Structures are given as C-alpha cells and as structure tokens.
Amino acid sequence: MTRRFLLRTTALVLVGALFAAGCGDDDDTASSTDTTAKSSTETTVKLTGTPVKIMVIYEGTGAVATPEVPEGAKGAAAGLNARGGVKGGPVEILECDAGNDANKAAECGRKAVSEGVVAVVGPVSANAGQYFPILEQAKIPVVGNVPASAADFTSADSFPIYGGIVTASAGLADVLVKQGAKKISIARIDLAAASAIGVFAGASLKRSNQTINKDVSIPVGAPDMATYVASALEGGTDGVLVGLSGQDATNFIIQLRQTNPNVKISATTTEFDAVVKALGDQAEGILVTAFFHNEQSSPTAWKAYTKDMEAAGFKTFSGFRTNSYAAVMVVAKVLEGAPEATAAALYDALPKAQNIDVGLLPPLQFTKGGVGGVPRVFNSCGRYEQLDAKGNFKNLGDGFIDMFTGAPC
Amino acid sequence: MIRFALLGIGAGAVYALAAQGMVLVYRGSGVLNFAHGAIGMVGAFCFYLWRADGMSTPVAFVLALLLGAAIGAATHLLVMRPLRRAPALSRLIATLGLLTFLLGLGLERWGDRPRIVAKVLPTTPVEVLPDAIVGKDRLLLFGIAVCLTVVLFAVYRWTRFGLATTAVAESRRATATLGISPDVIATVNWAVGTTLAVAAAILIVNVTGLQVQNLTLLVVPGVAAALVGGFRSFGLTLAGGLAIGILESEVAFLQTKVSDPTALAGWGRAVPFLVIILVLVVRGRALPLRSETIERPPAVGDGRVRPAVVGPLVAAAIVFLAVGPPTNILEASITTASIGIIVLSLTVVTGYAGQLSLAQFALAGTGAWIATRLIANYDMPFELAAVVAILGTIPVGVAVGLPALRTRGVNLAVATLGLSLVVESLVLNNSKRTGGITGTQIGSVRLFGADFDATRHPERYAVLTFACFVVVALVVANLRRGRAGRRLVAVRTNERAAAALGIDVIGVKLYAFALSAAIAAVGGVLIGYHRPSVVFYPTFSVFESILVIVYGVIGGVGFVVGALLGAALAPGALVATLSGSLLDSASLVQLLLGALVVVILMRLPNGLASLDVARVVPWLRRRDEEALADDDAPHVAGRTLEARDVSVHFGVVTAVDGVSLSARPGEVLGLIGPNGAGKTTFIDALTGFVRPASGTVLLDGEPITRWSARRRAVHGVGRSFQSLELFESMTVRENLRTACDRRDPLAYLTDLVRPGRARLGAAATAVVREFGLEDDLDRRPEDLPYGRRRLVAIARAVAAEPAVLLLDEPAAGLGESDSAELGRLVRRLAHEWGIAVLLVEHDVSLVLATCDRVAVLDFGRLIAEGSPDEIRADAAVIAAYLGEEDGRPTGATGSTRGRSPGPVTAGPLVEARGVSAGYGDLAAVRDLDLDIHGGEVLAVLGANGAGKSTTLLTLAGELAPLHGELRWRGTRTNHPLHRRARAGTALVPEERSVIRSLSVGDNLRLAGVDVADALALFPELEPLLGRPAGLVSGGEQQMLTLARALARRPSLILADELSLGLAPLIVQRLLVVLRQAADDGVAVVVVEQHARQVLDIADRVIVLRRGEVVVTGTADEVRAGFEDVRRAYLTAAAD
C-alpha cells in the first residue's frame, strides 16, 4: 500500500500499540522530546573508528504516536559512546518519522539503505509492511521492533526483544488465573489482528484446564459498551481480559465496574496513563503485564539505564524509551562479537546470538523463535503489576516468568 | 433477549440523536447532509477543549451551539444556495466535500487520537432489570432523544415555521406566493439542524468519547435511522435509531450463544446497512426526491482518442518511468495510476450511466481480496488470480447495482454506501476472511515470468500500473464512442426517453455496474499486488469510496482524462509528492480536496477536464467528418396501433375515459383537446408508460397491453416527448445515432475493443435533410436555439424508423416556418414512408392543416372524430375550447356585460414596458406593454402555448424579464415572488398550490390569515378544515387557494387557469369571487383558455398568440369581435 489512510486509527497498528506499552506507563507528553536530541554524538569524547549508524523509525504523529522512541536510542548511544563506542566507532542515531504514513514508512526504509545503517531499532509502526521488504533486500536487520504486523511476525529480518501481543495475551490471562479467576472472558478490539489475543490467551489457560469463556469483539468507537459488557459477563465470568484502545477501554471498564464490581480485570490499552486518570478510583486492582525491569525489580539495571538517559539530557524514562534503549544495547552487544560493525555482519550474527543480557530484561536467545507458535517471537518472559488505589503500579510475584509455561525466566 | 434489547437502547438513542438533525436539514432544504457528523465533531471538540481550558460548561455549550448554527447557515448561504439550480446529486456531493474538508481540518487540528474528557452527564449505574445495569447517562440520552423528538414533532406540526418548512419541501413556489421566503426557511433549518448536530455530538461524547473519525462517521448509522423515518418523520427516525441499536445488541447477544464467535464477526455493523437497503428496495422511491429544476447531469466527454497526441504522451511517460526516476516519483505514479483506474470505474457508472456509487473502493477491495486470497491460499499464479478476481467482482458489482433498479439519485447513493459497508464489515475488515493474525501474504509479484516486485523494481511496477491505466482508459473511451456507451448516456439523461427508444434500462444499469466493478477490480488488484503483505482495511474503506467521488468530480467524472487529473491529487499521488514538504500531511491534502470539490461544483461543475484544451490549442481540434449517406427513402412497414376502450385513472381522477382510436399506416391522425384533457396520458398508455385500468392496446391486432415500454418501442412504437427529453450531453449526431442503433447485446462487449463507426440510418439522414440540421450535427442540443432543439427531438423519434409514431406537442415553441416544415414532414412520414402517425398538438391550425383525421378529447373522453373540416365546424369542439355555451348559469352576479370599464384608481398598479420573458433562450412572450389598475379585471386569453402563463409568472416576479421593465406603484421592481407577495401580489398558479400534506386549516394558518375571513369567502371549506388538503376535491383545493390568497388582502391577484379540470359551476363560483374582489378595489388578472366565461367578469381583455398580443380591447368589444378570438384559437395561420 502506498497511501496514508485516514482511518488509520482503527487499523492493525492499534493492536500493536495496545500491547506495545506493556507496563502502561506510556507518557504521552510528546513535548518531552526536547532539543537535546542532537547531543548524542557531540557531547562524547572523540571516537575515531568508523561511525556505527543506527536508525530509529517511529511515529511522530497519529493514533499511536511514539515520539519518545528516539530518546531511548539516543540515551543508549550516549552511554555506549561514553564507554568507547562500538568497535571503536561512535554510535550515531538517525531518526526517521514514519508520520503514520505508508509512503513515509517506505521512505524511511529506503533512507536506512542509502545511509548504510547497521540496523533499524525499536520501531512501532502502522506501516511496517512498507519498510520490511526494503530492509530485507538490503539485509539490514530490524531489532527491538514491537511485534504488531504480519511482517514483524514472519520476516527473517525481524528481531523483537519482547513478545508484544503474543506474550501479553498469554500473561494477561495467566495473571487473572493467578488472582483466582475461574471463568475468563476476553473483550477485545474488533480488528483482524486482535483475534490472536484469544489464541495466545487460550494457550496459557490450558495450564489451568480453563478455556476462554466468551471472546467478545468490540467495534472501535462502539457508542455504548453496555451490550458488550453483558456479553462478556454471560455464563458467570469472574475475570475479563481487556484489549481495547484507550477510549474504548475506559468506557468498557466503567461499564464493567458498574455491572459487576467484583470481576477481576487485566488490561492492555493505548494511552494507559490517560485511562488510569479517567478511571480514577475505579482503576484500582487492574492487572497488567510488563516486559522490562523497573526500579523495584532490578535497581541495578534501572540505574544504569537512567544514568545513560540523564547523560544524554533526558529526564523521562517511561514509555517506549526502555525498548529502544535496550534494542540499541542488543545491537551493540551482538556487533561486539561480530567480525565487523556492518549490517551484513549483524545480519549474520543475530540469528546465532544467544544469552544477550542488556540488563533491563532477561537474557535473549535469537536462536529460538516460535514462542506461541509465532516464528519471530523469541522472548516469552514478562512480569505482572497491579494498580493500587493511588494509581501507582505495584510489582506482583517473583519477577520475570515464562508467560506460557509459568516457569521462572 | 429482552435484556440485550434494553442494553441496545443507549446506542439507539445515540443514533437517533445523530439522525434528527439530518431529518431537519432534509425537510428544510432537500439536502442529504453527509457532513452532519463532521459538523457535530467540530462543535463537540470546541466545547470540550474550551471546557478543559477552564470555560464554564454553560458558556462553552452556548458558544458551541452558536458555532454549529453559524456553520449551518454558512453552509446553506455559501454552498447550497449557489448550488440550488444544480442537480440534487451535486448538493449531495458538496456535503461529501464538506465532510472531507471538516474531517481533514479535525485531523490536522486535533489529530486522530481519542481524547478522554470529563463527562457532562452522570454515569451512576441504574438497574433497570435484574442483571441489566446501565449508566444513568444512557437513560438520560434516551430521555433527551424522546423529548427532542416530541419537541421537533410539535414545532413542525403546529408552528407557522414548521408548517412553512413542510410547505417549502412540497412546493417552493406555493410557499413563496404566501410571502414566505423559501431561502430563509432553508437557512434557518440548516442552522437549527447543525446546532442539533453539535448538541447531539456533545451528548454522544459522554458515551463514545471524543475522537475525530468516530464522531464524523456517526453520520452513517444516522442516515440509516433517518431513512427509516423517510427523512420526514421524527418519530419513525427515533424508532429507526433505537431499532438499529437494539439489532446491534442482539447480534452481540447471538455472538455469545454460538460456539465460534468469529462466525458472526462484522454482522453487528452490517445489520444497520442491510436495514437501509431493505427499506430502500421495499419502499421503492421512499425518500422524496425534489427536483426543483431540471436535473442536468455533468457533461461527458466524447471519448475520442487522438492517437497523434495520446500515443507520444503515453510512450514518453513509459520511457520516463522505465528509466527510473526517484523512487518517490515512481511510488506516486503507482498510486496515481491505480487510483486513476478506480476513478475510471466511477466514470463508467456515474459519469456515463449516471448512477452515483459510493461503493467503488469496496468493489476494488473485493477484487484485491479475491486475487490475493487465491494466491495466499491456493498458490494460484498472479495472472490467473487477477483474471478470476476481475470476473469474480462482477457479480458483486451487479449486487451493488440491484438497488439502482428501484431507487435512483440520492437514495441509490445511500444504498451503495450501505452495501460497501456490508462488504467492509463482513469481508474486508473481518479477520476470519483475511488470513487472521498473519494477514494475507502474497510474496513477490511475478507476471509472465518476470519479477514485478514493487520494492525491488518500482519502475517495473510503475510501468505496469500505468500501462493498465492506459488500457482501461482506452476501453472506457471506446465504450463512450460505441452503441453501448450511447445507451448508458441515454439512460443517464432520461430513463423514459431511453425506454421510448427501445433501450433496456434495467440491462444498461446492471451492465454499467458490472463493467465498473470489473474496472474497479483491476485497480484493486494492482493495489493488492503492490506489497507482499496485503492490508484490506482501511485501504478499501468506505471513506476511500467517498474520496473517489471527490477525485472524480474535481477531475471531471464524465471524462477519461478527468480520472487521471483527479487521481493525481490524491494524498500520496503525483501532485502531493511533487509539492515536496508543502503537502506532506494527508489530512491537509484532504482538507484542501474537500474545499476544492465544493469550489469546483460551483465554478466548474463538469470538472477540470471540461476546460476545453482544443479551444486554446487549435491543432487539437478535429471534426467528425462523416458524410451523410445518399438520400434513399427508408423502407418502413407501417403498423396499426389501436386503443380499445382504454381508461386510465390516477387515484380518483379519471384521466382517460374509455377512448377507442386507431392510428393507421399511411395516415396522420390528429389528437387535440384543451389542457388537461388527457392527451399525453393517452400517449403514455399507448406506449406503455402508464398502465391502463381497463381496455386493450393492440399492435396489428395483437394485444400489447402488458408489454413494457421498451418492448413496444422495439416493435416499432415510437414517440416524442412534450418536454423534448433530449440527451443533452450528446451531440445531435449522437442523439440520432442512439435512436438508429441496433439493440444488440453483443455491443456491450465488442464496443469495449472496437466501437466501430455507426452511420446514420436512412430515416435519420432524410429527416436531417428535411429539417436542414446538417450544420448542427456536431453541436450539442444545449447550444441550439429552442426551435432547433424541438426539431432534433422529432428527428430523433423519426430516426428510430418507427412503424407507428406518436408525436406529443412537437410544434410547441416553433416559429411559423418551422411549424410549416414540421407539418410537411409529418405528412411525408405518413404518406410516402407509410408510417402511422398520431399527432398531439395544441396548435390547432397545424393539426387541421396536417392531419387526415382529427380526434378531440375533453375531460378524458373522445368528444369528436372526423375530417379537419368536420372538426372545425363541430359545436362541441368549439365549446370545449372556448367555454361552455350551455349549462352555465346565466346572469350570474358580477357580470360586466354592458358595463363601462375604466380605471378605478388614479395611477396604474402594475406597468409592463416592452417586457420579453421566457425560459432559457426562448422568449415565450415578446414586447409586452401592459397597465393594470386596481378595481379592474383583466383577462388574458389565448390558446395553449401562447404565452399567458409566462406573462403571469413574470408579473408575479417568479420569472425575471429577459428585456423590458416592470413597475409596481410607479417604482421599478425586480423583487422575487415572496417579496412581491408581501407587498400585496397574490399569485394563484396553474398547478394546484395547496400544500397537500397539510390540513385545510393549516394551509390557512400557514398563510397567516384570519381563518374566519377565509371561511366568509368560501363557507363550504368549513367542514373540511381538519382534512389534508391533498384529499379534498380539485374544486375545493382551488377554493382554498383563492381563499388563502384573498384573505391576505392583496392589491393584485394573478389567477392562472382557474378552470383547469374543474366543473363549469365551480369555475363560475371562483370567477364571481374574483369579480367581487375587483369591485372592492383589487386589481385582478385572469388567464384562461375558456374565453366565454371569463369575458363575463372581465373589464378589459388581451388575446395572445405565439407570445404576442393580437387582440386588445374592452370585454364588450372583444365579445362583439369574437371571431377574432376564435381565429386566434382555431383557424390556420394562413387564413
């Protein structure tokens, strides 16, 4: 597809974004993308080796705008450069705003090729299908992409560092079981890609011999949630997995709380902060999945991360920053073990890379895909958190576990 | 079940609220406002953002409502009013443009992210039934929707404004005669309607949230609800909204009951639109179509391809693409060409065949879906999958076209919108059918063994799409030049006229939809093959279909080149790409396109392609040099068409009453009779346009009563129309060719490749020579003077070489010499060619001079039949034309017999100086000088077509004079009708001007008159006060009209053909009242066909003949010289 489509909001990407935010501390203050952006290479000591160019593709505008993505990558570059760069060369971060526009997404792909980047990191895009073929052809790997589109799931070029919709669906069902729910329903966005929620949630429920009670698909912007809440609650449901856009999730949860205040809720949604704010005290007890460490779960990793970010001049650490930060770190780690710092070398090394530990998440194994049956999902681990009465997240359980098997990671 | 029904009420109330404002706007201005949701969206955003900025809720609410009112009023005054003479479809498209504009504005300004805002209604839960808990806001919304419905019903039922709105919807002219400005009514309704849109949107946000697209697209379920109410009834609209909400809820309920919930995916959204289509098809033309002016569809190109120009251009473009310009140019070319193909599909169905389709992208998506699913599931080769997809989309196109057989215009647009949403929610946006989580993967495109992967070889793919565009464009151009294309254009212009030429209207419409589906599928397949992973939604969403209309209208929907021009403007296409960063935001492009389409509709209604390049570049000009064939007399076997005891009823009125007549080969049969005698209805019955209640029509002895109009035409029964019904967008030559064309079905296919060069047949050639139309052949009818156009219409009827030819008033508006020429031709057709001719004509002199036999109809009955001489002397005929001599109450009060006339007031009330007036370029009245004084009755007499009604309408301000000036109480005036009505002019138009849907009492209240005053004039109206005016007798209607006019105490009454279809006794009663009014000092002008009765009450008389005053004098003088009047009516010009 070559065009930007107006109704993009309702597109597949929404599903990706739903699961992208993970822990839900997505900070939508886009203005925090401050002017220190260029500082990543300038402020570091002079590195004389060949520059290692890495491109960040993100959505500067649109329903799933992720303007914070470059910050994480720049933070990582600042840290790496301060510590001597990659193979002696400075890490340079190039930004490309896909602008929620298929044409621009393709342009980003072509720009990555013409600039000779070694990797594209951390993209969350409505239009991944646009740049993937271009990058595939040039053998430029995509690392730390948020798995949302068919290309993310199937392209040999795709190296996501966490499971997105696949693990989140399994985890959100699993955490409901752990909290004592006996009959679990799904309330999810009525889009093609979202039907997968049921598949993965169902896979994790098998462990406790449960099946999904009701799988309710809700049209985007449904004027009234009453019907869908009633559908989800049919047959004695006591736990609901909510996978809806921010607006719909808010409306759904309010209606759900009104109808049955005792139902357990796990949720993934866009604009989680706004949802929590809009829900007020009704947000208490909502269960979520997380894919990166926070300050409580690993103070060391968190400190290393925030230190690098602060060195680059950033003071906000939430949202997609962790993902793009970790993705750059993964690229750097794999390149250090490769013969040279080129895209081709990275492309060869990545499929063989094992035990890549960048701190913020359990060690990665790119040799073993097929999590949940999806070829390009390598990481089945995640954590659980719960909202308290003040709207803050509290860690649940013992840190990272495999969301399909329950085994510790 | 019941619980879910109850839960659906919340959504239902939302839909009802969204719909009521649309009903209001439709009732007040006849426009289906697709931008309704978008206007609400803008208002709601302003409200919530102002509120978030700290403005108090009531202040923000009032400001938002004012904003809504301002948008509505501005829309009417700046867009709809200038477009009031444009076809209804243009106004509909303008609202689509407005929708595009506001949506682009909203996205540009506020983005597409949903915003979570503080609610205005409380959401505390209420348990309405055990286990059915809903928020208080739902109940409030429901309550508000019900209250609003009651209030709207009351306002539109009982206030004068509401009555006036109903009246305007029924008849602009009748409302204006009461001093009410239709424009003000429309403006107010727009403002109120859009205010309601804003209010509803603000409330709806409470349930749905604040998001640009969602609020904008609420218009779609809104249209569905409004349609249930027929765009009239507020109550039914509420019921419709609730029903849709409940249906959706029940689908959700069923989904919980089936084992595989995805089996029902999409049905919740599809159901409302299936309701739309069902309602439309069942009710036929339910939505009242208001044709205030003659609908003129946009122009179509001639489909001529100039190889010397096109060849090098195409070759240059292909070379340019093949050498590999920058990739963004290649991508933009691919976008332009593939969208261009889809716009070409619109050219066929909307441009050529005139059926507005909002489903083109749904059809393209169907093509893409079939092709890519075949590849993904069955590894079918790309070429084969494309062919299967194109063929497979055709049945879908035919299904989309089916509602076109029962609906047209605006209704059809709504039906196609509904079908495209059904396709969208059941197929294109349905995971079950689009490959689930992995989507549809087709890999790299290989065609004919070569790699056409758009990523690796964008230049190859660009050349491929461009070549496809060129081929499709040639096919569409070929179609335009061939027989099949002429059938399409004929149907588009006039279904009746097309059927009269034997064209299969149903077949043509379905063909247009089928071909257009196939073309759209080509575009869809190209979009599908563009990338290895296919995204169906929102690529092929209904909004894209709306944009196709925008591209089409901007480029010129009737022109092949227009498709390219329009598509180049699409977001991501050539223009936006070449503009660089200037237009890199798609919402900005949409905003501009929305504004552009509105401007184009007003300034260049036929689109950019209609700018005539050939006029600037002379060497591009070329003439159709086809010579006329030699003049060999055509061989036509005449046939006998016989009517036996044929009767036709319209409701309780008997239009034709047991008429038996036969038209025989080689003979001209004339049919005359006063206005309203049933002549045209009789022709309609013979040709199959109305079905007789009883009696038989026979062709050469074979009963054909049950045959369709088309079948009769194919078997040689040809006709012309009183209103010409020419195919305006074709040249004269094409008009004639359309008539001569063979009706072979094969042309539908062969024309796409080889349209061939049709020659005019022998009959057409002969008639062209006879009328001297040789030099006009390559001009369009609209460029010809009125008289020539008449001749073309007749020529077209003759060109079809009919065995029986029925001519309906062919001489109306013809000059003396053309009339004479026509008479000669008609005789030749019968006597030399052997055709059976039936000539219906008001110009009695022409009939008497031309016909072998003459029949006379009066009040639907045959009152005389014989040779012209016998008819000339027939007392009954003279009575029918000049008024009853017997059976009339003599010595009626108010007779002016013997009374000396003279001005009662000092100066003249109205003066006309050298006034010429008429319609278009035809002056129906020339050089009229007239003084009208208070206290006198002026009778304007003359045969039909003499210019009497034109005179009256000009005096009333309904027609602007072409030349000369009018003075009112000594001051020059050019005020429109409603202003004159307020100043004291009362027009009683020829057509009944009561508002049929209002009661007799409401008709009087609408006029703002004292009911007692009116009843004093006509006490017989009193028992009828509560009855709808449409259900009282014709005489009572005319009394009501007159009572309404007189009770307004006018100083001038203009009464047109009071006697039309009325019994003499009633006519007498009406005339007496007029005389009394004159005696009270009012100036009265009476136009009448029936001379004698009017002479009784008139002071002065003028007699018109062919637009000029031929007799003038006092009533007594005219009575004395009655032979002059008689001559003006009956005798031949040469006498």
# chains A, B, ... in the order shown; residues from 1 in each chain; ligands from 1
$ residues_around --residues "Gly235 in chain A" --least-positions-apart "3" --cutoff "10 Å" --atoms "only C-alpha atoms" --output "list in words"
Lys183, Ser185, Asn213, Lys214, Ala230, Ser231, Ala232 and Asp238 of chain A; Thr256 of chain B
$ residues_around --residues "Cys96 in chain A" --least-positions-apart "3" --cutoff "9 Å" --atoms "only C-alpha atoms" --output "list in words"
Met55, Val56, Ile57, Tyr58, Glu59, Gly60, Gly99, Lys104, Ala105, Glu107, Cys108, Gly109, Lys111 and Ala112 of chain A
$ write_last_selection --atoms "N, CA, C and O atoms" --output "compact mmCIF listing (two decimals), in the first residue's frame"
# COMPACT_ATOMS: atom_id res chain seq x y z
N MET A 55 19.37 3.40 12.84
CA MET A 55 18.20 4.25 12.58
C MET A 55 17.04 3.89 13.50
O MET A 55 16.77 2.72 13.74
N VAL A 56 16.37 4.93 13.97
CA VAL A 56 15.15 4.75 14.73
C VAL A 56 13.99 5.15 13.84
O VAL A 56 13.96 6.27 13.32
N ILE A 57 13.07 4.22 13.62
CA ILE A 57 11.84 4.59 12.89
C ILE A 57 10.72 4.67 13.92
O ILE A 57 10.54 3.76 14.72
N TYR A 58 10.00 5.76 13.92
CA TYR A 58 8.93 5.91 14.91
C TYR A 58 7.79 6.69 14.29
O TYR A 58 7.91 7.22 13.18
N GLU A 59 6.70 6.75 15.01
CA GLU A 59 5.55 7.52 14.54
C GLU A 59 5.50 8.83 15.30
O GLU A 59 5.21 8.84 16.50
N GLY A 60 5.78 9.91 14.62
CA GLY A 60 5.76 11.21 15.28
C GLY A 60 4.34 11.69 15.54
O GLY A 60 4.10 12.50 16.44
N GLY A 99 5.57 9.14 10.39
CA GLY A 99 4.44 10.07 10.24
C GLY A 99 3.09 9.41 10.03
O GLY A 99 2.21 10.00 9.42
N LYS A 104 5.74 7.47 3.82
CA LYS A 104 6.90 7.89 4.59
C LYS A 104 7.60 6.70 5.21
O LYS A 104 8.82 6.70 5.36
N ALA A 105 6.80 5.68 5.60
CA ALA A 105 7.41 4.48 6.17
C ALA A 105 8.35 3.85 5.15
O ALA A 105 9.48 3.47 5.47
N GLU A 107 9.75 5.38 2.69
CA GLU A 107 10.87 6.30 2.53
C GLU A 107 11.91 6.09 3.62
O GLU A 107 13.13 6.14 3.37
N CYS A 108 11.41 5.85 4.86
CA CYS A 108 12.33 5.58 5.97
C CYS A 108 13.18 4.35 5.64
O CYS A 108 14.40 4.36 5.88
N GLY A 109 12.52 3.33 5.10
CA GLY A 109 13.26 2.13 4.75
C GLY A 109 14.35 2.42 3.73
O GLY A 109 15.49 1.99 3.87
N LYS A 111 15.73 5.27 3.15
CA LYS A 111 16.74 6.14 3.73
C LYS A 111 17.74 5.30 4.54
O LYS A 111 18.96 5.56 4.49
N ALA A 112 17.19 4.30 5.25
CA ALA A 112 18.07 3.42 6.03
C ALA A 112 19.09 2.75 5.10
O ALA A 112 20.28 2.64 5.42
$ residues_around --residues "Asn103 in chain A" --least-positions-apart "4" --cutoff "12 Å" --atoms "only C-alpha atoms" --output "number ranges by chain"
A: 1-5, 97-99, 107-110, 126-131; B: 327-332, 334-335, 571-573, 576-577, 584-586
$ atom_distance --atom1 "CA of Gly673 in chain B" --atom2 "CA of Leu807 in chain B"
14.6 Å
$ atom_distance --atom1 "CA of Pro976 in chain B" --atom2 "CA of Arg913 in chain B"
18.3 Å
$ residues_around --residues "Ser297 in chain A" --least-positions-apart "3" --cutoff "7 Å" --atoms "only C-alpha atoms" --output "list in words"
His293, Asn294 and Gly399 of chain A
$ atom_distance --atom1 "CA of Arg710 in chain B" --atom2 "CA of Pro298 in chain B"
25.7 Å
$ residues_around --residues "Arg789 in chain B" --least-positions-apart "5" --cutoff "12 Å" --atoms "only C-alpha atoms" --output "NGL selection string"
:B and (722-728 or 731-732 or 735 or 771 or 773 or 776-777 or 779-784 or 794-796 or 810-814 or 818 or 921-922)
$ closest_residue --among "A:Glu71, A:Asp273, A:Asp388, A:Glu310" --to "chain B" --atoms "only C-alpha atoms"
A:Asp273
$ select_by_dssp --residues "range 105-347 of chain A" --states "helix (DSSP H, G or I)" --output "PyMOL selection string"
chain A and resi 105-115+128-138+150-154+165-178+192-208+226-233+246-259+272-283+299-311+321-336+343-347
$ residues_around --residues "range 950-959 of chain B" --least-positions-apart "3" --cutoff "10 Å" --atoms "only C-alpha atoms" --output "PyMOL selection string"
chain B and resi 173+176-177+910-912+915-919+923-926+928+940+945-947+962+966-968+973-981+985-990+1052-1056+1085-1087+1104+1107
$ closest_residue --among "B:Val59, B:Ala371, B:Ala568, B:Ile39" --to "Val212 in chain B" --atoms "only C-alpha atoms"
B:Ile39
$ closest_residue --among "A:Ile356, A:Ala345, A:Val143, A:Val199" --to "chain B" --atoms "only C-alpha atoms"
A:Val199
